[in-house]
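K.L.:
What follows is a structure written as structure tokens; I'll ask about it next.
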Amino acid sequence: MPRPVSPELSDLLSSLYQGIEADPPWQEFLAALAQWLDADYATLILAAKDRAIPGTFLSPGADPARTAQYLEQFFASDPFRNLANDTVTSFAEFLSGQDSSLYADYRAFLAQAGGEQVLAVDMRFPSLFEARVRVTRSHGRPAFTMEERNRLQAIVPHLRNAVRLFEQLQFANAERDVFRSAIDALGLALLVLDRQMQVVSANSLGHRILDEAEGIFRAAGKVQFRSGQGANRIADLIQTGKGQSTARFRMARPDHGDLIVTARALDLSAIHSGTGALALFLVPAENENRFEPETIRQLLGVTPAEARLCAELATGRSLGDAASELGISRNTAKVQLRSIFVKTQVNRQAQLINLLSSLRG
């Protein structure tokens, strides 16, 4: 028969995975880990290789003054690191066979901070960062037992998985922030809705449009449309997943100005069998065909002068007419256009216009 999982271990792992999204992360887990191993406190360090400061340093229950001293004086030169990957090691083992005079300053610091009773595990990741877990018990108390050491070793795969998921979440959040910055630069409102038409996320302009409650509004926690046509097209996308993956329509708003609404279905097939979420992009109708050079510069990574040329070409002007409008020679415009091609990885002016058109949504 399989051995039952203890409630303490189950609660510990639950706090580990819940801590991925906490802010700051893993405070509850580290406190629970210290209690589970009968330690005074547990520490988690996330650090890029060879960096003088950690990206994340968490040590709930430790003396804040000692933590500050460690970060300032010992983190960059800490000898107790680069341990065998994913393998629990004690500080006593680390010192075994070495000259007792080694690391005198570091050992003095440990004595002041609580003692040398430390269990440690280092986990290295392909993206050149590492996670270090340290569990500390104050001097005068019994040494960690083999059973306690085995406990920590048993959860190392969970620690690795949780840190890997945390890294992925950090990248996803960074990507989302870049995306939102681009959306804001375009002057677009963004609403992401779930299957129940509830707002999952929105930028500031999206919230403002909902608060104006004209054409689109919130009621009973859900987004609703005053136009039956718009509501039906959205419902088809979000509920059935049938038909086109996008819908585009004009939303009449006499008081605040009409909006062009573009709805794009989001693929959540693993959760909702292909249905269940969408992104709404809303832009004032009068801005639909306007493309500011600064927006182009941010989105394509071109220079300000190249962005101005792109903006002129996006209106349908020829290269010569765009050069005249900008007050530059045709040869200068050709040089800028070649540079734009390299940066955008397109080969012809028509492809560039298509790329600019796609950025409008």
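Letters for chains follow the order of the structure tokens (A, B, ...), residue numbers begin at 1 for each chain, and ligand numbers begin at 1 in the order shown.
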Taking the backbone alone, and naming residues the way the document does, which bits of segment 52-300 of chain A are alpha helix (DSSP H) by DSSP, as number ranges by chain?
P.N.:
A: 64-69, 91-95, 104-113, 146-154, 156-185, 204-212, 228-235, 269-272, 293-300
K.L.:
Between A:Leu282, A:Leu266, A:Leu152, A:Leu326, which has the minimum distance to Ile216 of chain A (counting only C-alpha atoms)?
P.N.:
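Looking only at the distances to Ile216 of chain A, the closest residue turns out to be A:Leu282.
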K.L.:
Extract, using only C-alpha atoms, all DNA, RNA and protein residues at most 12 Å from Phe225 of chain A, discarding same-chain residues fewer than 4 positions from it, and format them as JSON, numbers by chain.
P.N.:
{"A": [197, 210, 213, 214, 215, 216, 217, 218, 219, 229, 230, 231, 232, 233, 234, 235, 250, 251, 252, 253, 261]}
K.L.:
Can you pull out the residues contacting Asp63 of chain A? Cut-off 10 Å, using only C-alpha atoms, and skip same-chain residues under 5 positions away; I want them as a ChimeraX atom specification.
P.N.:
/A:41,68-69,113-114
K.L.:
With N, CA, C and O atoms retained, export the selected residues as a short mmCIF file (atom, residue, chain, number, x, y, z; two decimals), in the first residue's frame.
P.N.:
```
data_model
loop_
_atom_site.label_atom_id
_atom_site.label_comp_id
_atom_site.auth_asym_id
_atom_site.auth_seq_id
_atom_site.Cartn_x
_atom_site.Cartn_y
_atom_site.Cartn_z
N TYR A 41 15.10 29.64 11.36
CA TYR A 41 14.60 30.33 10.17
C TYR A 41 15.15 29.64 8.92
O TYR A 41 16.13 28.89 8.98
N ALA A 68 21.10 42.42 6.67
CA ALA A 68 21.71 43.55 5.99
C ALA A 68 23.24 43.43 5.99
O ALA A 68 23.90 43.73 4.98
N GLN A 69 23.80 42.96 7.11
CA GLN A 69 25.25 42.79 7.19
C GLN A 69 25.73 41.73 6.21
O GLN A 69 26.75 41.90 5.53
N ALA A 113 25.21 35.48 14.02
CA ALA A 113 23.88 35.38 13.45
C ALA A 113 23.07 34.22 13.99
O ALA A 113 21.87 34.14 13.77
N GLY A 114 23.71 33.30 14.71
CA GLY A 114 22.96 32.18 15.29
C GLY A 114 23.75 30.91 15.40
O GLY A 114 23.47 30.06 16.24
#
```
K.L.:
Tell me which protein, DNA and RNA residues are within 9 Å of Asp40 of chain A, counting only C-alpha atoms, leaving out same-chain ones fewer than 3 positions away, and put them as a ChimeraX atom specification.
P.N.:
/A:31,34-35,37,61-62,114,135-138
K.L.:
With only C-alpha atoms as the counted atoms, please give the residues lying no more than 9 Å from Gly115 of chain A, apart from itself and same-chain residues fewer than 3 positions off, as a list in words.
P.N.:
Arg107, Ala108, Phe109, Leu110, Ala111, Gln112, Val118, Thr136, Arg137, Ser138, His139 and Gly140 of chain A
K.L.:
Would you export the selected residues with C-alpha atoms as a short mmCIF file (atom, residue, chain, number, x, y, z; two decimals), in the first residue's frame, please?
P.N.:
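In the end it all went to result20.cif:
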```
data_model
loop_
_atom_site.label_atom_id
_atom_site.label_comp_id
_atom_site.auth_asym_id
_atom_site.auth_seq_id
_atom_site.Cartn_x
_atom_site.Cartn_y
_atom_site.Cartn_z
CA ARG A 107 32.40 31.89 10.64
CA ALA A 108 32.44 34.76 13.11
CA PHE A 109 29.49 36.25 11.31
CA LEU A 110 27.61 32.93 11.46
CA ALA A 111 28.30 32.70 15.18
CA GLN A 112 26.82 36.17 15.71
CA VAL A 118 23.04 25.09 8.65
CA THR A 136 19.56 27.57 10.18
CA ARG A 137 19.40 26.33 13.76
CA SER A 138 21.00 28.40 16.54
CA HIS A 139 24.10 27.21 18.42
CA GLY A 140 23.52 25.28 21.62
#
```
K.L.:
Have a look at A:Leu355, A:Leu300, A:Ala265, A:Ala22 and name the one nearest to Lys343 of chain A; count only C-alpha atoms.
P.N.:
A:Leu300
K.L.:
Env of Ala185 of chain A: 12 Å cut, atoms = only C-alpha atoms, seq-sep filter 6 positions within chain, self excluded. Answer as JSON, numbers by chain.
P.N.:
{"A": [178, 179, 203, 205, 283, 291, 292, 293, 294, 295, 296, 297, 298, 299, 359, 360]}
K.L.:
Pull the strand (DSSP E) assignments for segment 182-225 of chain A out of DSSP run on the backbone, and list those residues as an MDAnalysis selection string.
P.N.:
chainID A and resid 189:193 199:202 216:219 222:225
K.L.:
Considering only C-alpha atoms, state which residue in the set A:Val121, A:Val88, A:Leu280, A:Leu319 is at the smallest distance from Leu259 of chain A.
P.N.:
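Residue with the minimum atom-to-atom distance to Leu259 of chain A: A:Leu280.
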K.L.:
Can you work out which one of A:Gln98, A:Ala305, A:Ser324, A:Phe80 has the shortest atom-to-atom distance to Leu337 of chain A, counting only C-alpha atoms?
P.N.:
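Using only C-alpha atoms, Leu337 of chain A sits closest to A:Ala305.
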K.L.:
At what distance in Å, to one decimal, does atom CA of Ser204 of chain A lie from atom CA of Asp184 of chain A?
P.N.:
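Calculated distance between atom CA of Asp184 of chain A and atom CA of Ser204 of chain A is 8.6 Å.
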K.L.:
For segment 2-23 of chain A against segment 162-165 of chain A, with a cut-off of 8 Å and counting only C-alpha atoms, what is the closest atom pair and its distance in Å to one decimal for every residue that makes the cut, ordered by chain and number, as JSON lines?
P.N.:
```
{"residue": "A:Leu16", "atom": "CA", "partner": "A:Ala162", "partner_atom": "CA", "distance": 7.0}
{"residue": "A:Tyr17", "atom": "CA", "partner": "A:Ala162", "partner_atom": "CA", "distance": 6.1}
{"residue": "A:Ile20", "atom": "CA", "partner": "A:Ala162", "partner_atom": "CA", "distance": 6.8}
```
K.L.:
Go ahead and write the selection's residues with C-alpha atoms as a short mmCIF file (atom, residue, chain, number, x, y, z; two decimals), in the first residue's frame.
P.N.:
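After the write, part.cif holds the following:
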```
data_model
loop_
_atom_site.label_atom_id
_atom_site.label_comp_id
_atom_site.auth_asym_id
_atom_site.auth_seq_id
_atom_site.Cartn_x
_atom_site.Cartn_y
_atom_site.Cartn_z
CA LEU A 16 5.43 26.40 -1.60
CA TYR A 17 3.35 26.49 -4.78
CA ILE A 20 4.98 31.56 -6.42
#
```
